[in-house]
>>> print(open('run_22.txt').read())   # compact mmCIF, C-alpha atoms and all ligand atoms
# COMPACT_ATOMS: atom_id res chain seq x y z
CA MET S 1024 -19.74 -36.73 6.80
CA PRO S 1025 -22.85 -35.09 5.38
CA SER S 1026 -24.87 -37.22 3.08
CA THR S 1027 -28.62 -37.15 3.53
CA GLN S 1028 -31.35 -34.66 4.07
CA GLN S 1029 -32.67 -36.69 7.04
CA ASN S 1030 -29.71 -35.72 9.14
CA GLY S 1031 -30.22 -32.12 8.20
CA VAL S 1032 -27.77 -31.90 5.36
CA ALA S 1033 -28.90 -30.94 1.90
CA PRO S 1034 -27.30 -32.90 -0.92
CA ALA S 1035 -25.13 -31.00 -3.35
CA GLN S 1036 -27.07 -29.64 -6.28
CA PRO S 1037 -25.49 -28.90 -9.61
CA ARG S 1038 -25.96 -25.63 -10.88
CA ALA S 1039 -17.23 -18.96 3.81
CA CYS S 1040 -11.79 -11.23 9.48
CA SER S 1041 -12.61 -9.92 11.66
CA ARG S 1042 -13.44 -10.54 15.18
CA ARG S 1043 -15.41 -9.24 18.06
CA ALA S 1044 -14.32 -9.36 21.64
CA ILE S 1045 -15.68 -8.60 25.02
CA LEU S 1046 -12.93 -6.78 26.82
CA LYS S 1047 -13.31 -6.46 30.54
CA THR S 1048 -11.23 -4.01 32.48
CA GLY S 1049 -11.75 -3.15 36.09
CA GLY S 1050 -15.33 -4.35 36.06
CA ALA S 1051 -16.27 -2.43 32.96
CA ALA S 1052 -17.26 -4.49 30.01
CA ALA S 1053 -17.32 -3.32 26.44
CA LEU S 1054 -18.29 -4.94 23.27
CA ILE S 1055 -15.57 -4.55 20.75
CA SER S 1056 -16.00 -5.45 17.18
CA PHE S 1057 -13.03 -6.95 15.52
CA GLY S 1058 -14.39 -6.46 12.11
CA ALA S 1059 -15.55 -3.87 9.78
CA GLY S 1060 -18.76 -2.29 10.84
CA CYS S 1061 -19.64 -4.69 13.58
CA ASP S 1062 -20.29 -2.33 16.43
CA ILE S 1063 -23.28 -1.56 18.54
CA PHE S 1064 -22.32 1.97 19.43
CA ARG S 1065 -22.71 3.62 16.07
CA PRO S 1066 -19.78 5.84 16.81
CA GLY S 1067 -19.99 8.07 13.83
CA VAL S 1068 -17.75 6.59 11.19
CA ASP S 1069 -20.27 7.83 8.68
CA ALA S 1070 -17.60 9.17 6.34
CA ALA S 1071 -16.25 5.64 6.03
CA ARG S 1072 -19.69 4.44 5.01
CA ALA S 1073 -20.40 7.14 2.44
CA PRO S 1074 -19.98 4.76 -0.54
CA TRP S 1075 -23.10 2.90 0.62
CA ASP S 1076 -25.08 6.12 0.26
CA GLN S 1077 -23.45 7.06 -3.01
CA ALA S 1078 -24.45 3.83 -4.76
CA GLY S 1079 -27.53 4.73 -6.74
CA GLU S 1080 -26.43 8.25 -7.55
CA SER S 1081 -25.91 8.87 -11.23
CA LEU S 1082 -22.24 9.31 -12.04
CA GLY S 1083 -22.73 10.05 -15.71
CA ASP S 1084 -21.38 6.74 -17.00
CA PRO S 1085 -23.27 3.46 -16.64
CA ARG S 1086 -20.03 1.65 -15.88
CA LEU S 1087 -19.34 3.93 -12.91
CA ASP S 1088 -22.95 3.59 -11.76
CA ALA S 1089 -22.57 -0.19 -11.68
CA LEU S 1090 -19.08 -0.05 -10.15
CA ALA S 1091 -20.46 2.02 -7.26
CA TYR S 1092 -22.39 -1.13 -6.27
CA ALA S 1093 -19.61 -3.58 -7.09
CA ILE S 1094 -17.24 -1.99 -4.55
CA LEU S 1095 -19.75 -2.92 -1.84
CA ALA S 1096 -18.99 -6.61 -2.43
CA PRO S 1097 -17.90 -8.78 0.45
CA ASN S 1098 -14.14 -9.29 0.28
CA PRO S 1099 -11.57 -10.85 2.57
CA HIS S 1100 -10.40 -8.60 5.40
CA ASN S 1101 -12.16 -5.80 3.57
CA ARG S 1102 -8.99 -5.17 1.57
CA GLN S 1103 -10.94 -3.87 -1.44
CA PRO S 1104 -8.13 -4.86 -3.79
CA TRP S 1105 -9.92 -3.57 -6.88
CA ARG S 1106 -7.89 -1.76 -9.56
CA ILE S 1107 -10.36 -0.53 -12.11
CA GLU S 1108 -9.57 0.96 -15.49
CA LEU S 1109 -12.22 2.37 -17.81
CA ARG S 1110 -11.25 1.74 -21.40
CA GLY S 1111 -12.90 3.46 -24.33
CA GLU S 1112 -16.61 4.08 -24.15
CA SER S 1113 -17.82 0.69 -22.96
CA ASP S 1114 -15.07 -1.44 -21.44
CA ILE S 1115 -13.64 -2.00 -17.99
CA VAL S 1116 -10.40 -3.80 -17.16
CA ILE S 1117 -10.21 -5.10 -13.61
CA ARG S 1118 -6.96 -6.07 -11.92
CA ALA S 1119 -5.91 -6.99 -8.39
CA ASP S 1120 -3.91 -4.44 -6.44
CA PRO S 1121 -0.73 -6.31 -5.47
CA ASP S 1122 -0.44 -4.21 -2.31
CA ARG S 1123 -3.84 -5.36 -1.09
CA LEU S 1124 -3.41 -9.12 -1.05
CA LEU S 1125 -3.25 -11.26 2.09
CA PRO S 1126 -0.06 -13.29 1.71
CA ALA S 1127 -0.19 -14.85 5.20
CA THR S 1128 -3.83 -15.93 5.49
CA ASP S 1129 -4.46 -16.28 1.77
CA PRO S 1130 -1.12 -17.48 0.43
CA LEU S 1131 -2.54 -18.66 -2.90
CA ASN S 1132 -4.73 -15.54 -3.40
CA ARG S 1133 -7.74 -17.84 -3.58
CA GLN S 1134 -9.90 -15.79 -1.21
CA ILE S 1135 -8.95 -12.58 -2.98
CA VAL S 1136 -10.20 -14.07 -6.26
CA VAL S 1137 -13.40 -15.27 -4.58
CA GLY S 1138 -13.90 -11.64 -3.49
CA PHE S 1139 -13.50 -10.57 -7.13
CA GLY S 1140 -16.20 -13.08 -8.00
CA CYS S 1141 -18.52 -11.28 -5.56
CA PHE S 1142 -17.51 -7.94 -7.10
CA LEU S 1143 -18.20 -9.06 -10.67
CA GLU S 1144 -21.57 -10.52 -9.76
CA LEU S 1145 -22.67 -7.24 -8.18
CA LEU S 1146 -21.33 -5.40 -11.21
CA ARG S 1147 -23.40 -7.64 -13.48
CA GLN S 1148 -26.55 -7.18 -11.39
CA ALA S 1149 -26.14 -3.41 -11.20
CA ALA S 1150 -25.54 -3.14 -14.94
CA ALA S 1151 -28.68 -5.17 -15.66
CA GLU S 1152 -30.65 -2.90 -13.38
CA LYS S 1153 -29.76 0.01 -15.68
CA GLY S 1154 -30.50 -1.96 -18.86
CA PHE S 1155 -26.98 -3.08 -19.72
CA ILE S 1156 -25.46 -6.48 -20.21
CA ALA S 1157 -22.05 -6.66 -18.61
CA GLU S 1158 -20.21 -9.22 -20.72
CA ILE S 1159 -17.57 -10.56 -18.39
CA VAL S 1160 -14.49 -12.29 -19.77
CA PRO S 1161 -12.59 -13.76 -16.84
CA PHE S 1162 -8.79 -13.82 -17.02
CA PRO S 1163 -8.64 -12.70 -20.68
CA ASP S 1164 -4.84 -13.12 -20.72
CA GLY S 1165 -4.87 -16.48 -18.94
CA GLU S 1166 -5.22 -17.59 -15.36
CA PRO S 1167 -2.46 -16.31 -13.10
CA GLN S 1168 -1.04 -19.31 -11.23
CA PRO S 1169 0.20 -20.06 -8.66
CA LEU S 1170 -0.16 -16.40 -7.64
CA LEU S 1171 -1.96 -13.40 -9.05
CA ASP S 1172 0.07 -11.09 -11.24
CA ASP S 1173 -0.63 -7.97 -13.25
CA ARG S 1174 -2.82 -9.76 -15.77
CA PRO S 1175 -6.45 -8.72 -15.59
CA ILE S 1176 -8.92 -10.58 -13.41
CA ALA S 1177 -11.61 -9.68 -15.93
CA HIS S 1178 -12.41 -7.67 -18.95
CA VAL S 1179 -15.98 -6.37 -18.94
CA ARG S 1180 -17.86 -4.87 -21.85
CA PHE S 1181 -21.10 -2.94 -21.32
CA ALA S 1182 -23.72 -3.34 -24.00
CA LYS S 1183 -27.09 -1.66 -23.99
CA ALA S 1184 -29.86 -4.24 -23.64
CA PRO S 1185 -33.07 -2.66 -22.39
CA ASP S 1186 -34.74 -6.08 -22.11
CA VAL S 1187 -31.99 -7.68 -20.04
CA GLU S 1188 -33.40 -9.60 -17.11
CA ARG S 1189 -33.17 -7.77 -13.77
CA ASP S 1190 -31.90 -9.84 -10.87
CA PRO S 1191 -34.37 -10.06 -8.01
CA LEU S 1192 -31.47 -10.19 -5.53
CA PHE S 1193 -30.21 -6.77 -6.56
CA GLY S 1194 -32.63 -5.01 -4.24
CA LEU S 1195 -30.80 -6.50 -1.27
CA VAL S 1196 -27.32 -5.23 -2.11
CA LEU S 1197 -27.43 -2.21 0.17
CA ASN S 1198 -28.79 -4.24 3.09
CA ARG S 1199 -26.23 -7.06 2.99
CA ARG S 1200 -23.94 -7.20 6.06
CA THR S 1201 -21.30 -9.60 7.31
CA ASN S 1202 -22.49 -10.32 10.83
CA ARG S 1203 -19.92 -11.43 13.39
CA ALA S 1204 -22.17 -11.22 16.43
CA PRO S 1205 -23.10 -14.35 18.33
CA PHE S 1206 -26.40 -15.62 16.96
CA LEU S 1207 -29.59 -16.21 18.89
CA ASP S 1208 -30.45 -19.67 20.12
CA ARG S 1209 -33.03 -20.11 17.39
CA PRO S 1210 -32.88 -22.83 14.75
CA VAL S 1211 -32.51 -22.13 11.05
CA ASP S 1212 -35.00 -24.38 9.32
CA ALA S 1213 -34.35 -26.55 6.33
CA ASP S 1214 -36.78 -24.67 4.12
CA VAL S 1215 -34.85 -21.43 4.69
CA LEU S 1216 -31.56 -23.12 3.81
CA ASN S 1217 -33.12 -24.68 0.73
CA ARG S 1218 -34.33 -21.26 -0.32
CA LEU S 1219 -30.74 -20.00 -0.09
CA ASP S 1220 -29.65 -22.90 -2.24
CA SER S 1221 -32.06 -21.91 -4.96
CA ALA S 1222 -30.38 -18.49 -5.23
CA LEU S 1223 -27.30 -20.05 -6.78
CA ARG S 1224 -27.24 -20.56 -10.53
CA PRO S 1225 -25.67 -23.44 -12.43
CA GLY S 1226 -21.93 -22.94 -12.30
CA ASP S 1227 -21.91 -20.83 -9.12
CA GLY S 1228 -20.44 -23.69 -7.11
CA ASP S 1229 -22.42 -26.17 -5.04
CA PHE S 1230 -24.08 -25.11 -1.82
CA GLU S 1231 -24.67 -27.63 0.96
CA TRP S 1232 -25.68 -27.07 4.52
CA ALA S 1233 -26.10 -28.73 7.89
CA ASN S 1234 -28.42 -27.78 10.72
CA ASP S 1235 -28.54 -30.97 12.74
CA PRO S 1236 -26.67 -31.13 16.06
CA ALA S 1237 -24.16 -33.81 15.08
CA ASN S 1238 -22.97 -32.15 11.88
CA VAL S 1239 -23.10 -28.69 13.39
CA ALA S 1240 -20.89 -29.93 16.24
CA THR S 1241 -18.40 -31.42 13.79
CA VAL S 1242 -18.09 -28.25 11.73
CA LYS S 1243 -17.94 -26.10 14.86
CA ASP S 1244 -15.00 -28.13 16.10
CA ILE S 1245 -13.17 -27.68 12.79
CA CYS S 1246 -13.87 -23.93 12.80
CA LEU S 1247 -12.72 -23.56 16.39
CA ARG S 1248 -9.48 -25.37 15.69
CA GLY S 1249 -8.94 -23.29 12.56
CA TRP S 1250 -9.55 -20.07 14.45
CA ARG S 1251 -7.14 -20.98 17.24
CA ILE S 1252 -4.44 -21.84 14.72
CA GLU S 1253 -4.88 -18.57 12.83
CA SER S 1254 -5.01 -16.41 15.94
CA PHE S 1255 -1.88 -17.98 17.47
CA ALA S 1256 0.21 -18.24 14.28
CA HIS S 1257 2.57 -15.28 14.30
CA LYS S 1258 2.53 -14.37 10.61
CA GLN S 1259 -1.19 -14.76 10.20
CA HIS S 1260 -2.06 -13.00 13.44
CA MET S 1261 0.24 -10.11 12.58
CA GLU S 1262 -1.36 -9.74 9.16
CA SER S 1263 -4.67 -9.11 10.92
CA VAL S 1264 -3.12 -6.86 13.56
CA ASN S 1265 -1.47 -4.72 10.91
CA LEU S 1266 -4.78 -4.36 9.11
CA THR S 1267 -6.67 -3.32 12.24
CA ARG S 1268 -7.91 0.26 12.35
CA ILE S 1269 -8.48 1.42 15.92
CA GLY S 1270 -10.86 4.26 16.64
CA ARG S 1271 -12.88 6.62 14.52
CA ARG S 1272 -9.95 8.63 13.21
CA GLU S 1273 -8.14 5.59 11.86
CA VAL S 1274 -11.27 3.99 10.45
CA GLU S 1275 -12.23 7.15 8.60
CA ALA S 1276 -8.68 7.74 7.36
CA THR S 1277 -8.30 4.13 6.22
CA PRO S 1278 -11.74 2.65 5.58
CA ASP S 1279 -10.68 -0.93 5.04
CA GLY S 1280 -9.28 -3.87 6.98
CA ILE S 1281 -10.55 -4.74 10.45
CA ALA S 1282 -12.32 -1.70 11.82
CA LEU S 1283 -12.66 -1.24 15.59
CA TYR S 1284 -14.65 1.75 16.64
CA GLY S 1285 -17.11 2.89 19.25
CA ARG S 1286 -17.16 4.84 22.48
CA ASP S 1287 -15.37 2.18 24.47
CA ILE S 1288 -12.81 1.52 21.78
CA GLU S 1289 -11.84 5.17 22.00
CA ALA S 1290 -11.49 4.85 25.77
CA PHE S 1291 -9.43 1.68 25.59
CA ARG S 1292 -7.28 3.21 22.90
CA LEU S 1293 -6.66 6.32 24.98
CA VAL S 1294 -5.54 4.37 28.03
CA GLY S 1295 -3.29 2.22 25.88
CA PHE S 1296 -5.20 -0.96 26.52
CA LEU S 1297 -6.16 -1.42 22.90
CA THR S 1298 -3.29 -0.80 20.57
CA ARG S 1299 -1.85 -2.78 17.74
CA GLU S 1300 1.16 -3.47 19.98
CA GLU S 1301 -1.10 -5.00 22.67
CA MET S 1302 -3.06 -7.00 20.15
CA ALA S 1303 0.17 -8.30 18.68
CA LYS S 1304 1.23 -9.86 21.98
CA ILE S 1305 0.00 -13.43 22.00
CA GLY S 1306 -1.54 -14.02 25.40
CA SER S 1307 -2.15 -10.35 26.20
CA ARG S 1308 -5.56 -9.47 27.55
CA ALA S 1309 -6.58 -7.92 24.25
CA HIS S 1310 -5.45 -11.03 22.36
CA GLN S 1311 -7.18 -13.42 24.77
CA GLU S 1312 -10.46 -11.58 24.55
CA MET S 1313 -10.26 -11.39 20.78
CA VAL S 1314 -9.81 -15.16 20.66
CA ALA S 1315 -12.65 -15.72 23.13
CA PHE S 1316 -15.16 -13.61 21.33
CA TYR S 1317 -14.72 -15.21 17.94
CA GLU S 1318 -14.97 -18.55 19.69
CA ARG S 1319 -18.28 -17.47 21.16
CA ALA S 1320 -19.47 -16.49 17.73
CA ILE S 1321 -18.54 -19.93 16.37
CA GLN S 1322 -20.13 -21.65 19.37
CA SER S 1323 -23.39 -19.85 18.71
CA ALA S 1324 -23.76 -21.34 15.23
CA VAL S 1325 -26.99 -23.25 14.70
CA ALA S 1326 -26.41 -24.00 11.03
CA PHE S 1327 -23.48 -24.09 8.67
CA GLY S 1328 -23.28 -23.91 4.90
CA TRP S 1329 -20.49 -24.16 2.41
CA ILE S 1330 -19.83 -23.62 -1.28
CA SER S 1331 -17.51 -26.02 -2.99
CA THR S 1332 -16.29 -26.50 -6.54
CA GLU S 1333 -15.20 -29.67 -8.38
CA SER S 1334 -11.83 -28.17 -9.15
CA ASN S 1335 -9.96 -25.09 -8.01
CA THR S 1336 -9.16 -23.06 -11.07
CA ARG S 1337 -9.18 -19.26 -10.88
CA LYS S 1338 -12.43 -19.40 -12.82
CA ASP S 1339 -13.92 -21.76 -10.20
CA GLN S 1340 -12.95 -19.22 -7.55
CA LEU S 1341 -14.68 -16.41 -9.41
CA ASN S 1342 -17.77 -18.56 -9.90
CA ALA S 1343 -17.82 -19.45 -6.22
CA GLY S 1344 -17.63 -15.74 -5.42
CA ALA S 1345 -20.71 -15.11 -7.53
CA GLY S 1346 -22.45 -17.90 -5.63
CA TRP S 1347 -21.18 -16.47 -2.33
CA VAL S 1348 -22.70 -13.05 -2.81
CA ARG S 1349 -25.93 -14.49 -4.21
CA LEU S 1350 -26.17 -16.67 -1.13
CA HIS S 1351 -25.55 -13.69 1.11
CA LEU S 1352 -28.17 -11.60 -0.64
CA ALA S 1353 -30.67 -14.47 -0.39
CA ALA S 1354 -29.86 -14.82 3.32
CA THR S 1355 -30.50 -11.09 3.71
CA ALA S 1356 -33.84 -11.52 1.97
CA ALA S 1357 -34.69 -14.41 4.30
CA GLY S 1358 -33.84 -12.34 7.37
CA ILE S 1359 -30.91 -14.50 8.45
CA SER S 1360 -27.32 -13.52 9.11
CA MET S 1361 -24.39 -15.08 7.32
CA HIS S 1362 -20.87 -15.08 8.70
CA PRO S 1363 -17.97 -16.58 6.73
CA LEU S 1364 -15.57 -18.61 8.84
CA SER S 1365 -12.63 -18.97 6.47
CA GLN S 1366 -9.86 -20.03 8.82
CA ALA S 1367 -10.03 -23.78 8.19
CA LEU S 1368 -10.01 -23.17 4.43
CA GLN S 1369 -6.70 -21.33 4.45
CA GLU S 1370 -3.76 -22.88 2.70
CA PHE S 1371 -0.83 -22.10 5.04
CA PRO S 1372 0.99 -25.13 6.43
CA GLU S 1373 -0.13 -24.84 10.08
CA MET S 1374 -3.74 -25.10 8.91
CA SER S 1375 -3.31 -28.42 7.11
CA GLU S 1376 -5.26 -30.50 9.62
CA PRO S 1377 -8.49 -28.49 9.83
CA TYR S 1378 -8.18 -27.94 6.08
CA ALA S 1379 -8.09 -31.68 5.48
CA ASP S 1380 -10.90 -32.26 7.98
CA ILE S 1381 -13.33 -29.82 6.41
CA HIS S 1382 -12.63 -31.26 2.97
CA GLU S 1383 -13.16 -34.78 4.26
CA PHE S 1384 -16.37 -33.71 5.96
CA VAL S 1385 -17.69 -32.14 2.80
CA GLY S 1386 -16.65 -35.27 0.96
CA ARG S 1387 -16.41 -33.98 -2.58
CA GLY S 1388 -13.36 -36.05 -3.45
CA PRO S 1389 -9.91 -35.26 -4.77
CA GLY S 1390 -9.46 -31.95 -6.55
CA ALA S 1391 -12.59 -30.39 -5.10
CA CYS S 1392 -12.23 -27.25 -3.04
CA VAL S 1393 -14.36 -25.74 -0.31
CA GLN S 1394 -14.39 -22.10 -1.36
CA GLY S 1395 -16.52 -20.68 1.44
CA LEU S 1396 -17.75 -21.84 4.83
CA TYR S 1397 -20.40 -19.91 6.74
CA ARG S 1398 -22.45 -19.98 9.89
CA PHE S 1399 -26.06 -18.92 9.60
CA GLY S 1400 -28.38 -17.65 12.31
CA TYR S 1401 -30.60 -14.95 13.65
CA VAL S 1402 -29.75 -11.73 15.45
CA ASP S 1403 -31.94 -9.04 16.96
CA ALA S 1404 -30.49 -6.27 14.82
CA PRO S 1405 -28.08 -6.32 11.89
CA PRO S 1406 -24.76 -4.48 12.18
CA PRO S 1407 -24.14 -1.22 10.35
CA ALA S 1408 -22.54 -1.21 6.91
CA ALA S 1409 -18.81 -1.84 6.74
CA PRO S 1410 -16.39 0.93 5.74
CA ARG S 1411 -15.46 1.34 2.08
CA TRP S 1412 -13.00 3.42 0.12
CA PRO S 1413 -14.77 5.75 -2.32
CA LEU S 1414 -14.97 4.42 -5.86
CA GLN S 1415 -12.64 7.06 -7.26
CA THR S 1416 -9.79 5.75 -5.09
CA ARG S 1417 -10.03 2.37 -6.84
CA MET S 1418 -9.78 3.83 -10.36
CA THR S 1419 -6.53 3.65 -12.28
CA GLU S 1420 -5.26 4.98 -15.58
CA ALA S 1421 -4.23 2.70 -18.43
C1 LIG S 1501 -13.39 -14.78 0.52
C2 LIG S 1501 -13.87 -14.12 1.77
C3 LIG S 1501 -13.46 -14.61 3.01
C4 LIG S 1501 -13.94 -14.02 4.18
N1 LIG S 1501 -13.59 -14.56 5.40
C5 LIG S 1501 -14.07 -14.02 6.55
C6 LIG S 1501 -13.79 -14.61 7.82
O1 LIG S 1501 -13.12 -15.64 7.91
N2 LIG S 1501 -14.29 -14.02 8.93
C7 LIG S 1501 -15.05 -12.89 8.87
O2 LIG S 1501 -15.46 -12.38 9.91
N3 LIG S 1501 -15.35 -12.31 7.68
C8 LIG S 1501 -14.89 -12.86 6.53
N4 LIG S 1501 -15.22 -12.32 5.31
C9 LIG S 1501 -16.11 -11.14 5.26
C10 LIG S 1501 -15.33 -9.86 5.05
O3 LIG S 1501 -14.52 -9.59 6.18
C11 LIG S 1501 -16.34 -8.75 4.77
O4 LIG S 1501 -16.92 -8.99 3.53
C12 LIG S 1501 -15.69 -7.39 4.74
O5 LIG S 1501 -15.18 -7.04 6.01
C13 LIG S 1501 -16.67 -6.30 4.31
O6 LIG S 1501 -17.80 -6.32 5.15
P1 LIG S 1501 -19.26 -6.52 4.55
O7 LIG S 1501 -19.33 -7.90 3.98
O8 LIG S 1501 -20.17 -6.34 5.72
O9 LIG S 1501 -19.48 -5.49 3.49
C14 LIG S 1501 -14.78 -12.89 4.11
C15 LIG S 1501 -15.19 -12.41 2.87
C16 LIG S 1501 -14.75 -13.03 1.70
C17 LIG S 1501 -15.24 -12.55 0.37
>>> encode(input="run_22.txt", output="C-alpha cells", more="lines below")
Ligand SMILES: Cc1cc2nc3c(=O)[nH]c(=O)nc-3n(C[C@H](O)[C@H](O)[C@H](O)COP(=O)(O)O)c2cc1C
Amino acid sequence: MPSTQQNGVAPAQPRACSRRAILKTGGAAALISFGAGCDIFRPGVDAARAPWDQAGESLGDPRLDALAYAILAPNPHNRQPWRIELRGESDIVIRADPDRLLPATDPLNRQIVVGFGCFLELLRQAAAEKGFIAEIVPFPDGEPQPLLDDRPIAHVRFAKAPDVERDPLFGLVLNRRTNRAPFLDRPVDADVLNRLDSALRPGDGDFEWANDPANVATVKDICLRGWRIESFAHKQHMESVNLTRIGRREVEATPDGIALYGRDIEAFRLVGFLTREEMAKIGSRAHQEMVAFYERAIQSAVAFGWISTESNTRKDQLNAGAGWVRLHLAATAAGISMHPLSQALQEFPEMSEPYADIHEFVGRGPGACVQGLYRFGYVDAPPPAAPRWPLQTRMTEA
C-alpha cells in the first residue's frame, strides 16, 4: 500500500478504451490501434479530426466558442455523450445523451460523469480565455442516482468578466492526446509527478502516484487482471466491439468510439481478418492480439497515478473529471504521456476483485472512490488527435 514519498509514492494532498494490437498474418506485422486516433500511419481521417482545427474559430457566440473546446475533452470510449442546449442569451444546459452511455463497462454512469467533469473544466477555461466567467451549477435539479436521467448535468451561465484569470493550462488543450502506445523504458521522475500534482486545485480530487518498482508492479498486476476480465467478459467485450469503427470510411462516418484506421487496417478489413465479427469471437486471432497489445502497454508502465475522492457523489465525479483533464494538460506540458487504465475501476460484478484491490492499495478508507487510474511515461512521438463529432451535432433544442 502506498504511504511514503521514500518508496516513490506521493502522499495525498488536499486540494484513470481502446486498445492497440500487433496483428501478425503470414509474416506481415501491422500495428493496429484499438483506440481513437492511436495510429502511426496517418491514414487520412482528417475529416474526423476537423473539430480540433475548428476550435479557435469565432462562431459568433462566446458560448459556442468555448463549447468548441469543451467537446475536445477526454471521455470514456470517446462516446461524446454531450447534449447541449443554448438558452437565452447567456445560458447553457448540458445533459447526457442516454443513447451514448456505456451500460456494460460503466454500469453506474460514473465514468460518463467524470467525462462531463473534463468537458466542463475545458468549457470554463475556454470561456475565461475570452473574458467570460462560466458559472457552473452542477446538477441543478438534483443528482441523478443510481443512474443518470434526463435531468441536467449542469447549468452554465456566461458572464462578461474581462479581468477573469486565464488558466495557464488552456494553451495545451489542442495538444492533449490519450496515448495507448507502449512507453519507452525511461523513468518518470518524482519532480515531474509532483508538478502534475500541483496542477490540481482544491476540490479536484486527490492525486497520488507511484514510480518505484514495488508499487508499480502491484498496480500493473491489478491493471492486467482488470484488463483480462474486461476483454473476456462477454457483455463488456461486446460493448467495445460494437463501438469499434474499422477503416477510414467508418471512422469518418462515425467519429467516435474505438477508431481503427490505417493502411494495414484497410487491408485486414478487406480480407475479412479484421471485422467486428472476428473481434467478437473470444480467442480469435484478432481478439488474442488485441488482448496482448493492451497487456504490453500496461507492462511498459514506469509510473502510475490515480485521482480519488473521499466520497462518490455525482459532484465528486465531476470534480474528479476537472482534476483529470488538468492532470492531462499538465502532463502534456511536461512532455509525458498519460493513459487511463479504467478496467479495474469498473463496477460490474466480474470486476469486484481488482476493484477491491486497487481501492485497498490506494488505502483511502470506506466510501472513498478511485475515479481515475493512469500510467505515465515517455514516447518518441505523440499520437494524432482523436476523432470528434462536430459541435453542431451535439446541439439540441429546448
Ligand atoms: C472516465 C474516462 C475513462 C477512460 N478510460 C480509458 C481506458 O480505460 N483506456 C483507454 O485507452 N482510454 C480511456 N479513456 C480515454 C478515452 O478513450 C479518450 O479520452 C477518448 O478516446 C478521446 O481521445 P482523446 O483523449 O485523445 O481526445 C478514458 C477517458 C475517460 C474520461
>>> closest_atom_pairs(input="run_22.txt", of="range 1254-1306 of chain S", to="range 1102-1111 of chain S", cutoff="9 Å", atoms="all atoms listed in the file", output="CSV")
residue,atom,partner,partner_atom,distance
S:Leu1266,CA,S:Arg1102,CA,8.7
S:Asp1279,CA,S:Arg1102,CA,5.7
S:Gly1280,CA,S:Arg1102,CA,5.6
>>> residues_near_ligand(input="run_22.txt", ligand="ligand LIG 1501 (chain S)", cutoff="8 Å", atoms="only C-alpha atoms and all ligand atoms", output="VMD selection string")
chain S and resid 1039 to 1042 1058 to 1060 1095 to 1102 1133 to 1139 1141 1199 to 1203 1279 to 1281 1344 1347 1362 to 1366 1394 to 1395 1407 to 1410
>>> atom_distance(input="run_22.txt", atom1="CA of Arg1292 in chain S", atom2="CA of Trp1250 in chain S")
24.9 Å
>>> closest_residue(input="run_22.txt", among="S:Pro1130, S:Pro1236, S:Pro1085, S:Pro1167", to="Leu1368 in chain S", atoms="all atoms listed in the file")
S:Pro1130
>>> residues_around(input="run_22.txt", residues="Met1302 in chain S", least_positions_apart="6", cutoff="7 Å", atoms="only C-alpha atoms", output="PyMOL selection string")
chain S and resi 1264+1309-1310
>>> residues_around(input="run_22.txt", residues="Asp1403 in chain S", least_positions_apart="5", cutoff="12 Å", atoms="all atoms listed in the file", output="PyMOL selection string")
chain S and resi 1063+1202+1204-1209+1358-1360
>>> atom_distance(input="run_22.txt", atom1="CA of Gln1311 in chain S", atom2="CA of Phe1296 in chain S")
12.7 Å
>>> closest_residue(input="run_22.txt", among="S:Val1068, S:Ala1182, S:Val1187, S:Val1116", to="Glu1420 in chain S", atoms="only C-alpha atoms")
S:Val1116
>>> closest_residue(input="run_22.txt", among="S:Arg1337, S:Arg1417, S:Lys1153, S:His1382", to="Ile1245 in chain S", atoms="all atoms listed in the file")
S:His1382
>>> closest_residue(input="run_22.txt", among="S:Ile1381, S:Met1261, S:Leu1146, S:Ile1252", to="Ala1089 in chain S", atoms="all atoms listed in the file")
S:Leu1146
>>> closest_residue(input="run_22.txt", among="S:Arg1123, S:Arg1189, S:Arg1072, S:Arg1174", to="Phe1155 in chain S", atoms="only C-alpha atoms")
S:Arg1189
>>> atom_distance(input="run_22.txt", atom1="CA of Phe1181 in chain S", atom2="CA of Leu1350 in chain S")
24.9 Å
>>> closest_residue(input="run_22.txt", among="S:Asn1132, S:Thr1277, S:Asn1217, S:Thr1298", to="Ala1354 in chain S", atoms="only C-alpha atoms")
S:Asn1217
